[in-house]
Structure formats: C-alpha cells, structure tokens
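One file, work-v3.tsv, is given below (TSV, C-alpha atoms).
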```tsv
chain	number	residue	atom	x	y	z
A	269	MET	CA	0.00	0.00	0.00
A	270	SER	CA	1.44	3.41	-0.95
A	271	ASP	CA	2.00	6.15	1.61
A	272	THR	CA	-0.73	8.27	0.00
A	273	HIS	CA	-3.42	5.66	0.74
A	274	ARG	CA	-2.76	4.71	4.35
A	275	LYS	CA	-5.31	2.73	6.30
A	276	PRO	CA	-6.80	4.42	9.42
A	277	ALA	CA	-4.58	2.30	11.66
A	278	GLU	CA	-1.62	3.99	9.98
A	279	LEU	CA	-2.70	7.58	10.54
A	280	LEU	CA	-0.34	9.81	12.46
A	281	ALA	CA	-1.56	12.65	14.68
A	282	LEU	CA	0.78	15.65	14.98
A	283	THR	CA	0.22	18.14	17.77
A	284	MET	CA	0.21	21.74	16.62
A	285	GLY	CA	2.30	22.89	19.54
A	286	ASP	CA	2.10	26.43	20.84
A	287	GLY	CA	0.25	28.55	18.29
A	288	ALA	CA	2.46	31.51	19.23
A	289	GLY	CA	5.58	29.53	18.32
A	290	ILE	CA	7.07	28.01	15.18
A	291	GLY	CA	5.40	24.59	15.38
A	292	PRO	CA	2.40	25.38	13.16
A	293	GLU	CA	4.59	26.93	10.46
A	294	ILE	CA	7.01	23.97	10.49
A	295	ILE	CA	4.08	21.58	10.10
A	296	ALA	CA	2.61	23.64	7.25
A	297	LYS	CA	5.99	23.70	5.46
A	298	ALA	CA	6.23	19.91	5.82
A	299	PHE	CA	2.80	19.47	4.22
A	300	LEU	CA	3.83	21.83	1.39
A	301	THR	CA	7.25	20.36	0.67
A	302	ALA	CA	6.85	16.68	1.57
A	303	PRO	CA	3.33	15.57	0.63
A	304	ASP	CA	4.32	11.89	0.38
A	305	THR	CA	5.77	11.98	3.89
A	306	THR	CA	2.81	13.81	5.42
A	307	ALA	CA	0.15	11.67	3.70
A	308	GLY	CA	-1.97	10.11	6.42
A	309	CYS	CA	-1.02	12.76	8.98
A	310	VAL	CA	-3.56	14.94	10.76
A	311	VAL	CA	-2.78	17.99	12.88
A	312	VAL	CA	-4.42	18.14	16.30
A	313	GLY	CA	-4.89	21.79	17.12
A	314	ASP	CA	-6.62	24.93	15.90
A	315	LEU	CA	-7.88	25.38	12.34
A	316	PRO	CA	-7.52	29.20	12.16
A	317	THR	CA	-3.97	28.97	13.55
A	318	MET	CA	-3.03	26.32	10.99
A	319	ARG	CA	-4.60	28.36	8.16
A	320	ARG	CA	-2.49	31.33	9.20
A	321	ALA	CA	0.62	29.14	9.34
A	322	ALA	CA	-0.16	27.60	5.93
A	323	ALA	CA	-0.44	31.07	4.39
A	324	VAL	CA	2.86	32.24	5.91
A	325	ALA	CA	4.69	29.04	4.94
A	326	ALA	CA	3.39	29.22	1.37
A	327	GLN	CA	4.42	32.85	1.04
A	328	ALA	CA	7.92	32.05	2.33
A	329	LEU	CA	8.23	29.25	-0.23
A	330	GLY	CA	6.64	31.21	-3.09
A	331	GLN	CA	3.75	28.76	-3.37
A	332	ALA	CA	-0.01	28.86	-3.07
A	333	PRO	CA	-1.22	28.00	0.45
A	334	LEU	CA	-2.57	24.53	1.05
A	335	PRO	CA	-6.21	24.32	2.02
A	336	CYS	CA	-6.75	23.33	5.64
A	337	ALA	CA	-9.74	21.09	6.28
A	338	PRO	CA	-11.43	20.31	9.59
A	339	ILE	CA	-11.52	16.62	10.51
A	340	ALA	CA	-14.33	15.64	12.86
A	341	ASP	CA	-13.81	11.92	12.46
A	342	TRP	CA	-10.97	9.73	11.16
A	343	ALA	CA	-13.23	8.63	8.30
A	344	ASP	CA	-13.11	12.24	7.02
A	345	MET	CA	-9.51	11.60	5.96
A	346	ALA	CA	-10.75	9.47	3.07
A	347	ASN	CA	-12.67	12.42	1.57
A	348	LEU	CA	-9.91	15.01	1.59
A	349	PRO	CA	-8.81	16.57	-1.67
A	350	PRO	CA	-5.17	16.04	-2.66
A	351	ARG	CA	-2.58	18.24	-0.95
A	352	CYS	CA	-4.80	19.27	1.92
A	353	LEU	CA	-3.75	19.91	5.51
A	354	PRO	CA	-6.24	18.11	7.80
A	355	VAL	CA	-6.85	19.57	11.26
A	356	ARG	CA	-8.66	17.95	14.17
A	357	GLN	CA	-10.05	21.06	15.85
A	358	LEU	CA	-9.99	21.04	19.63
A	359	PRO	CA	-12.12	23.41	21.70
A	360	GLY	CA	-10.60	26.03	23.91
A	361	LEU	CA	-8.63	28.55	21.85
A	362	SER	CA	-10.53	31.80	21.36
A	363	ALA	CA	-8.34	33.07	18.48
A	364	PRO	CA	-4.91	32.39	16.99
A	365	PRO	CA	-2.40	33.71	19.53
A	366	ALA	CA	-0.02	36.52	18.61
A	367	TRP	CA	3.30	35.14	17.40
A	368	GLY	CA	6.13	35.30	19.88
A	369	ARG	CA	3.96	36.21	22.86
A	370	VAL	CA	3.86	33.94	25.88
A	371	SER	CA	0.26	33.20	26.68
A	372	ALA	CA	-1.30	30.95	29.31
A	373	GLU	CA	-4.20	30.24	26.93
A	374	ALA	CA	-1.89	29.14	24.09
A	375	GLY	CA	0.23	27.03	26.44
A	376	ARG	CA	-2.81	25.36	27.95
A	377	PHE	CA	-4.17	24.67	24.46
A	378	ALA	CA	-0.85	23.14	23.34
A	379	GLY	CA	-1.02	20.80	26.34
A	380	ASP	CA	-4.61	19.87	25.54
A	381	CYS	CA	-3.51	18.84	22.03
A	382	VAL	CA	-1.14	16.28	23.53
A	383	TRP	CA	-3.85	14.82	25.78
A	384	TRP	CA	-6.33	14.41	22.97
```
Any chance you could give the structure as structure tokens?
Amino acid sequence: MSDTHRKPAELLALTMGDGAGIGPEIIAKAFLTAPDTTAGCVVVGDLPTMRRAAAVAAQALGQAPLPCAPIADWADMANLPPRCLPVRQLPGLSAPPAWGRVSAEAGRFAGDCVWW
C-alpha cells in the first residue's frame, strides 16, 4: 500500500504545539514540501492557527497555500482533496495567539492537544 493511501490504523496525529511559536509553520511547510511523507497525517490543534501558518509558509516558499480542512472523524480523511492539511479542531482557543507572545491560553491549548 502506498503512503498516500494509508489505512486508518496507519494515521499519524501531529500536535500543533504552541500557536504563538514556530510549530504550526514547520508543520505547514512539511505538508507543502513533503506531501508523500505527510500523507496520512492529521494535525491536532486549531484550524484558524493552521490556516495562518499555511499562508505564511506558502508565502515564504513562493507557493499557493494549502487548504486546511477540519476533521471531525478519522473517516473524514478518506474524503480530503489532494494536498490538503487536515486539522482535528480542539475546543478552547478563542483566536490564533499573537506570534512570539507567551500566553497561558496558548500554552494550555498546546497541552490539551497532547492529551487528545
């Protein structure tokens, strides 16, 4: 079975990390530059934060941003368009945090992503 058609048992969840840090942008760059490697991966975090990171990463690489799609259930992975960044939205973050600013809300949210 190719990497682009992984079975649900082979999915990999990546935590977004602190939305004020570089984690979301690194993840977005990986999805842009290594689609075969990131096939079957889903980001656990915040959809608006990942959309912002995808736009910044694409601009830095001179590419169009990848669409970010919310994933409510693992079965949703089968219906994603090619080259899409899937995000399992967790509750609790009111808005994407400002980059580079320490925030209790962003830190708490990053921890919640790990526990999911």
Checklist entry - Pick the closest to A:Gly360 from A:Gly379, A:Pro335, A:Gly330, A:Gly289: which is it, counting only C-alpha atoms? => result A:Gly379
Checklist entry - Please, which residues are within 12 Å of (6.5, 32.3, 15.9) by the file's coordinates, counting all atoms listed in the file, and could they come as a PyMOL selection string? => result chain A and resi 285-294+317+320-321+324-325+364-370
Item to check | A:Asp380 environment, 12 Å, all atoms listed in the file, sequence neighbours closer than 3 positions dropped, as a ChimeraX atom specification | outcome: /A:283-286,312-314,357-361,373-377,383-384
Checklist entry - Can you tell me, as a list in words, what residues are no more than 9 Å from A:Arg356 when counting only C-alpha atoms, ignoring any on the same chain fewer than 2 positions away? => result Ala281, Val310, Val311, Val312, Gly313, Asp314, Leu315, Ala337, Pro338, Ile339, Ala340, Asp341, Pro354 and Leu358 of chain A
Item to check | d(atom CA of A:Leu279, atom CA of A:Thr306) in Å | outcome: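 So the answer is 9.8 Å.
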Item to check | Pairwise distance for atom CA of A:Pro350 and atom CA of A:Ala302, rounded to one decimal in Å | outcome: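 Atom-to-atom, atom CA of A:Pro350 to atom CA of A:Ala302, that is 12.8 Å.
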Item to check | Separation of atom CA of A:Ala332 from atom CA of A:Asp344 in Å | outcome: 23.4 Å
Atoms added to stretch 311-322 of chain A (all heavy atoms), reported as a tab-separated table (two decimals), in the coordinates of the input:
```tsv
chain	number	residue	atom	x	y	z
A	311	VAL	N	-3.25	17.08	11.84
A	311	VAL	CA	-2.78	17.99	12.88
A	311	VAL	C	-3.87	18.12	13.95
A	311	VAL	O	-5.03	18.38	13.63
A	311	VAL	CB	-2.45	19.38	12.30
A	311	VAL	CG1	-2.03	20.35	13.40
A	311	VAL	CG2	-1.37	19.26	11.23
A	312	VAL	N	-3.51	17.94	15.18
A	312	VAL	CA	-4.42	18.14	16.30
A	312	VAL	C	-4.14	19.54	16.82
A	312	VAL	O	-3.03	19.83	17.27
A	312	VAL	CB	-4.19	17.10	17.41
A	312	VAL	CG1	-5.12	17.35	18.58
A	312	VAL	CG2	-4.37	15.69	16.86
A	313	GLY	N	-5.13	20.42	16.69
A	313	GLY	CA	-4.89	21.79	17.12
A	313	GLY	C	-6.03	22.72	16.76
A	313	GLY	O	-7.20	22.40	16.98
A	314	ASP	N	-5.67	23.85	16.18
A	314	ASP	CA	-6.62	24.93	15.90
A	314	ASP	C	-6.62	25.25	14.41
A	314	ASP	O	-5.57	25.60	13.85
A	314	ASP	CB	-6.24	26.16	16.73
A	314	ASP	CG	-7.16	27.32	16.50
A	314	ASP	OD1	-8.38	27.17	16.73
A	314	ASP	OD2	-6.68	28.39	16.08
A	315	LEU	N	-7.77	25.15	13.78
A	315	LEU	CA	-7.88	25.38	12.34
A	315	LEU	C	-7.47	26.79	11.92
A	315	LEU	O	-6.66	26.94	11.00
A	315	LEU	CB	-9.31	25.04	11.88
A	315	LEU	CG	-9.56	25.07	10.39
A	315	LEU	CD1	-8.71	24.05	9.65
A	315	LEU	CD2	-11.04	24.83	10.11
A	316	PRO	N	-7.95	27.86	12.57
A	316	PRO	CA	-7.52	29.20	12.16
A	316	PRO	C	-6.00	29.41	12.32
A	316	PRO	O	-5.36	30.06	11.48
A	316	PRO	CB	-8.30	30.15	13.08
A	316	PRO	CG	-9.51	29.37	13.47
A	316	PRO	CD	-9.04	27.94	13.56
A	317	THR	N	-5.42	28.85	13.36
A	317	THR	CA	-3.97	28.97	13.55
A	317	THR	C	-3.22	28.25	12.44
A	317	THR	O	-2.24	28.77	11.90
A	317	THR	CB	-3.55	28.42	14.93
A	317	THR	OG1	-4.21	29.18	15.95
A	317	THR	CG2	-2.06	28.50	15.14
A	318	MET	N	-3.69	27.07	12.06
A	318	MET	CA	-3.03	26.32	10.99
A	318	MET	C	-3.24	26.99	9.63
A	318	MET	O	-2.35	26.98	8.79
A	318	MET	CB	-3.51	24.87	10.97
A	318	MET	CG	-2.99	24.04	12.14
A	318	MET	SD	-1.18	24.15	12.42
A	318	MET	CE	-0.53	23.59	10.84
A	319	ARG	N	-4.39	27.62	9.42
A	319	ARG	CA	-4.60	28.36	8.16
A	319	ARG	C	-3.64	29.53	8.07
A	319	ARG	O	-3.08	29.80	7.01
A	319	ARG	CB	-6.05	28.82	8.05
A	319	ARG	CG	-6.99	27.70	7.69
A	319	ARG	CD	-8.41	28.17	7.49
A	319	ARG	NE	-9.23	27.08	6.98
A	319	ARG	CZ	-10.50	26.91	7.26
A	319	ARG	NH1	-11.14	27.77	8.04
A	319	ARG	NH2	-11.16	25.88	6.75
A	320	ARG	N	-3.44	30.21	9.18
A	320	ARG	CA	-2.49	31.33	9.20
A	320	ARG	C	-1.09	30.82	8.91
A	320	ARG	O	-0.35	31.39	8.09
A	320	ARG	CB	-2.54	32.03	10.56
A	320	ARG	CG	-1.53	33.16	10.71
A	320	ARG	CD	-1.60	33.81	12.06
A	320	ARG	NE	-1.09	32.92	13.11
A	320	ARG	CZ	-1.06	33.24	14.40
A	320	ARG	NH1	-1.53	34.40	14.81
A	320	ARG	NH2	-0.57	32.40	15.28
A	321	ALA	N	-0.70	29.72	9.54
A	321	ALA	CA	0.62	29.14	9.34
A	321	ALA	C	0.80	28.67	7.90
A	321	ALA	O	1.88	28.84	7.31
A	321	ALA	CB	0.85	27.99	10.31
A	322	ALA	N	-0.24	28.08	7.32
A	322	ALA	CA	-0.16	27.60	5.93
A	322	ALA	C	0.05	28.77	4.98
A	322	ALA	O	0.83	28.66	4.02
A	322	ALA	CB	-1.42	26.83	5.56
```
